[in-house]
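What follows is a set of notes on a single structure, which appears directly below.
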Amino acid sequence: MQTLSAVFRDVGSPLSVERITLDPPKDTELLVRLVAAGLCRTDYHVMRGERRVAMRPMVLGHEGAGVVEEVGAGVAGIRRGDHVVLTFIPGCGRCRWCTKGLHHLCAEGPRITQGPQLDGTYRRHDGEGQPVGAFCMIGAFAEHAVVDQASAIAIDKDIPLDLAALVACGVPAGVGAARHRARVKPGDSVLVVGCGGDGMNVVQGARLCGAAKIIAADIVQAKLDWARDFGATHGTLARGEALTRAVLEMTDGVGVDHAFVCIDPPETLLPAFRATAKAGNVVVTALTPDSVTEIRIPPLELFVTQKAIMGAVYGFMSPRLQIPELLSLYRDGALKLGELITRRYGLADVNRGYADLDAGRNLRGVIVFGD
Ligand code: CXF
Ligand code: ZN
């Protein structure tokens, strides 16, 4: 079949929205009609060459949800007509991590920027017959995607699919970082540096955990205003050393129990680290450009303050377990999803969506297919 797709062809250029050929699903694969796909900053890093992918052309998009239209003979537990959320890390189900329920650490994870399907072959081809990759083995910026069953999670049909798409990346990344990585407890204090797609969900994750003080830090005032709606109790536009000072003032000179670095780790990590209380946690949820190869923390400070610096991908929890759980929280009214969507776009407007993200106008832009 032919399917309209947003294809990454050249570094620094807009995505090319074009029809490509999509082959039918193989044995363990599904054909999914995308209903919605979120505009996460990660794809933007790829477009600008800040994060390398192994090949071009490649269909970008890794935060998607849709309806299953066809299943391969070897697919178990997912049927035609099912609603699915696609996961940017597959869960092969066999590696040491998956067998422990830690699908976010799946041994296949390092291959998600390579381009081919999980089985190493291609389902997408362009007009010249060249293979076209799929970012994160998904390629969600397309009307249809063929993905392995390892990259799909069936969800209940009562959840609107534009909201379901959000629990494919930003929501679990942020909420999970608070709940499952830092394990924020009732009464704790929290700092969130960078209140975009991940950071705003750290704010609401910390609120769900019962944090008493949630300090939002961003350079865009509108994001601090949004953060209040998601549970932030304090906000600051300060950055660098001024951010550390502001947070210490707000916490009686002690610092926060947990700091989350959700943007620009090289510049924000040290101020966040120094704004953290002794024995506290510093959690990095943000992607770093390839050009950044180290972060600087004075080792003596680390030693004497006994703080923990941690990474969290997918909120440090299995998307297989966490996605249905997050959707239950949404159904119970505890988790905000619709409020995260700032603007909706048709696929043809994907580049406008990224321009809006770049300009700080969007918390989450969402592509809605068929619009
Ligand atoms: C990223 C994490 C690194 C690889 C691509 C996807 N996750 C979310 O944006
Ligand atoms: Zn993402």
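Letters A, B, ... go to the chains of the structure tokens in the order shown; residues in each chain start at 1; ligands are counted from 1 in the same order.
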
As a ChimeraX atom specification, please: every protein or nucleic acid residue near ligand 2 (cut-off 9 Å, counting only C-alpha atoms and all ligand atoms). /A:38-43,61-63,88,168-170,173,197-198,314

Hey, could you make a per-residue contact list for segment 113-183 of chain A against segment 243-259 of chain A with 10 Å as the cut-off, showing the nearest pair of atoms and its distance in Å to one decimal, counting only C-alpha atoms, sorted by chain and number, as CSV?
```
residue,atom,partner,partner_atom,distance
A:Ala178,CA,A:His258,CA,8.5
A:Ala182,CA,A:His258,CA,6.8
A:Arg183,CA,A:His258,CA,9.1
```

Write a file of the selected residues as a short mmCIF file (atom, residue, chain, number, x, y, z; two decimals), in the first residue's frame, keeping C-alpha atoms.
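Generated output (out05.cif):
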```
data_model
loop_
_atom_site.label_atom_id
_atom_site.label_comp_id
_atom_site.auth_asym_id
_atom_site.auth_seq_id
_atom_site.Cartn_x
_atom_site.Cartn_y
_atom_site.Cartn_z
CA ALA A 178 8.76 10.97 39.84
CA ALA A 182 12.98 9.10 42.40
CA ARG A 183 10.04 7.49 44.27
#
```

List every residue of segment 132-350 of chain A that DSSP, applied to the backbone of this structure, places in strand (DSSP E or B), and write the result as a ChimeraX atom specification. /A:132-134,142,144-148,152-155,189-193,213-217,234-236,256-261,276-284,308-311,341-345

Counting only C-alpha atoms, the residue of A:Ser189, A:Asp229, A:Gly174, A:Glu128 that sits nearest Ile214 of chain A: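 Looking only at the distances to Ile214 of chain A, the closest residue turns out to be A:Ser189.
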
What is the atom CA of Val190 of chain A-atom CA of Trp226 of chain A distance in Å, reported with one decimal?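 Atom CA of Val190 of chain A sits 16.6 Å away from atom CA of Trp226 of chain A.
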
Hey, what's within 8 Å of Gln306 of chain A if we count only C-alpha atoms and toss same-chain stuff fewer than 6 positions away? As a PyMOL selection string, please? chain A and resi 278-280

Distance criterion (only C-alpha atoms and all ligand atoms): nearest to ligand 1 out of A:Glu108, A:Asp349, A:Glu325, A:Asp82: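 Of all the options, A:Glu108 lies closest to ligand 1.
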
As a list in words, please: the residues near Arg94 of chain A (cut-off 10 Å, only C-alpha atoms, same-chain neighbours under 5 positions excluded). Thr99, Lys100, His103, Cys106 and Ala107 of chain A

Work out how far atom CA of Tyr354 of chain A is from atom CA of Pro90 of chain A, in Å to one decimal.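 So the two atoms, atom CA of Pro90 of chain A and atom CA of Tyr354 of chain A, lie 25.4 Å apart.
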
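Checking A:Pro110, A:Pro131, A:Gly194, A:Gly101 one by one against ligand 1, counting only C-alpha atoms and all ligand atoms, you find the shortest gap at A:Pro110.
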
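Counting from atom CA of Gly12 of chain A, the distance to atom CA of Cys136 of chain A is 19.8 Å.
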
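Among A:Val284, A:Arg124, A:Ala73, A:Gly129, the residue with the shortest atom-to-atom distance to Phe316 of chain A, counting only C-alpha atoms, is A:Val284.
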
Near Tyr44 of chain A, within 12 Å and counting only C-alpha atoms, which residues show up once chain neighbours fewer than 5 positions away are dropped, as an mmCIF file with N, CA and C atoms, in the first residue's frame?
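What landed in out17.cif:
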```cif
data_model
loop_
_atom_site.group_PDB
_atom_site.id
_atom_site.type_symbol
_atom_site.label_atom_id
_atom_site.label_comp_id
_atom_site.auth_asym_id
_atom_site.auth_seq_id
_atom_site.Cartn_x
_atom_site.Cartn_y
_atom_site.Cartn_z
ATOM 1 N N PHE A 8 12.308 12.087 7.147
ATOM 2 C CA PHE A 8 13.554 12.812 7.416
ATOM 3 C C PHE A 8 14.530 12.456 6.297
ATOM 4 N N VAL A 11 19.524 16.620 6.991
ATOM 5 C CA VAL A 11 19.724 17.293 8.276
ATOM 6 C C VAL A 11 19.459 18.789 8.111
ATOM 7 N N GLY A 12 18.670 19.349 9.018
ATOM 8 C CA GLY A 12 18.414 20.787 8.997
ATOM 9 C C GLY A 12 17.297 21.193 8.063
ATOM 10 N N SER A 13 16.712 20.240 7.344
ATOM 11 C CA SER A 13 15.604 20.567 6.434
ATOM 12 C C SER A 13 14.281 20.125 7.048
ATOM 13 N N PRO A 14 13.190 20.758 6.594
ATOM 14 C CA PRO A 14 11.881 20.307 7.082
ATOM 15 C C PRO A 14 11.640 18.851 6.684
ATOM 16 N N LEU A 15 10.775 18.186 7.402
ATOM 17 C CA LEU A 15 10.408 16.816 7.029
ATOM 18 C C LEU A 15 9.679 16.861 5.689
ATOM 19 N N GLY A 38 2.199 12.345 18.777
ATOM 20 C CA GLY A 38 2.682 13.525 19.494
ATOM 21 C C GLY A 38 3.982 14.051 18.915
ATOM 22 N N LEU A 39 4.131 15.387 18.994
ATOM 23 C CA LEU A 39 5.352 16.042 18.505
ATOM 24 C C LEU A 39 6.328 16.201 19.663
ATOM 25 N N GLY A 49 19.936 17.313 13.385
ATOM 26 C CA GLY A 49 21.251 16.667 13.398
ATOM 27 C C GLY A 49 21.885 16.671 14.775
ATOM 28 N N GLU A 50 21.114 16.993 15.806
ATOM 29 C CA GLU A 50 21.682 17.006 17.165
ATOM 30 C C GLU A 50 21.734 15.594 17.749
ATOM 31 N N ARG A 51 20.865 14.726 17.233
ATOM 32 C CA ARG A 51 20.909 13.311 17.599
ATOM 33 C C ARG A 51 21.009 12.523 16.306
ATOM 34 N N ARG A 52 22.062 11.726 16.194
ATOM 35 C CA ARG A 52 22.269 10.962 14.959
ATOM 36 C C ARG A 52 21.359 9.748 14.892
ATOM 37 N N LEU A 60 9.954 9.705 10.761
ATOM 38 C CA LEU A 60 10.094 10.015 12.186
ATOM 39 C C LEU A 60 8.752 9.798 12.906
ATOM 40 N N GLY A 61 8.766 10.103 14.212
ATOM 41 C CA GLY A 61 7.549 9.948 15.023
ATOM 42 C C GLY A 61 7.635 8.707 15.883
ATOM 43 N N HIS A 62 7.526 8.918 17.206
ATOM 44 C CA HIS A 62 7.642 7.754 18.101
ATOM 45 C C HIS A 62 6.619 7.814 19.219
ATOM 46 N N LEU A 287 17.019 14.272 26.895
ATOM 47 C CA LEU A 287 17.946 13.791 25.878
ATOM 48 C C LEU A 287 19.039 14.848 25.693
ATOM 49 N N PRO A 289 22.204 16.391 23.243
ATOM 50 C CA PRO A 289 22.752 16.322 21.885
ATOM 51 C C PRO A 289 24.021 15.464 21.855
ATOM 52 N N VAL A 350 3.231 19.125 9.916
ATOM 53 C CA VAL A 350 4.156 18.657 10.951
ATOM 54 C C VAL A 350 5.284 19.662 11.204
ATOM 55 N N ASN A 351 5.773 20.302 10.144
ATOM 56 C CA ASN A 351 6.897 21.240 10.338
ATOM 57 C C ASN A 351 6.449 22.507 11.067
ATOM 58 N N ARG A 352 5.205 22.914 10.821
ATOM 59 C CA ARG A 352 4.666 24.059 11.577
ATOM 60 C C ARG A 352 4.561 23.686 13.058
ATOM 61 N N GLY A 353 4.174 22.463 13.301
ATOM 62 C CA GLY A 353 4.090 21.985 14.693
ATOM 63 C C GLY A 353 5.439 22.083 15.385
ATOM 64 N N TYR A 354 6.508 21.692 14.676
ATOM 65 C CA TYR A 354 7.834 21.790 15.300
ATOM 66 C C TYR A 354 8.296 23.237 15.444
ATOM 67 N N ALA A 355 7.888 24.093 14.520
ATOM 68 C CA ALA A 355 8.231 25.512 14.680
ATOM 69 C C ALA A 355 7.551 26.055 15.942
ATOM 70 N N ASP A 356 6.313 25.648 16.181
ATOM 71 C CA ASP A 356 5.605 26.091 17.392
ATOM 72 C C ASP A 356 6.287 25.554 18.655
ATOM 73 N N LEU A 357 6.757 24.310 18.585
ATOM 74 C CA LEU A 357 7.465 23.745 19.748
ATOM 75 C C LEU A 357 8.731 24.550 20.006
ATOM 76 N N ASP A 358 9.463 24.823 18.943
ATOM 77 C CA ASP A 358 10.727 25.544 19.061
ATOM 78 C C ASP A 358 10.517 26.940 19.643
#
```

Show me, as a list in words, the residues that have an atom within 8 Å of segment 114-118 of chain A when counting only C-alpha atoms, minus same-chain residues fewer than 5 positions from it.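 These residues fall inside the cut-off: Val53, Ala54, Met55, Met58, Glu108, Arg123, Val132, Gly133, Ala134, Phe135, Cys136, Met137, Val147 and Asp148 of chain A.
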
Based on the backbone DSSP call, show me all residues of segment 237-328 of chain A assigned helix (DSSP H, G or I), as a ChimeraX atom specification. /A:240-250,265-274,299-305,314-316,319-328

Residues within 9 Å of Pro265 of chain A, only C-alpha atoms, excluding chain neighbours under 5 positions, as a ChimeraX atom specification: /A:270,284-288,295
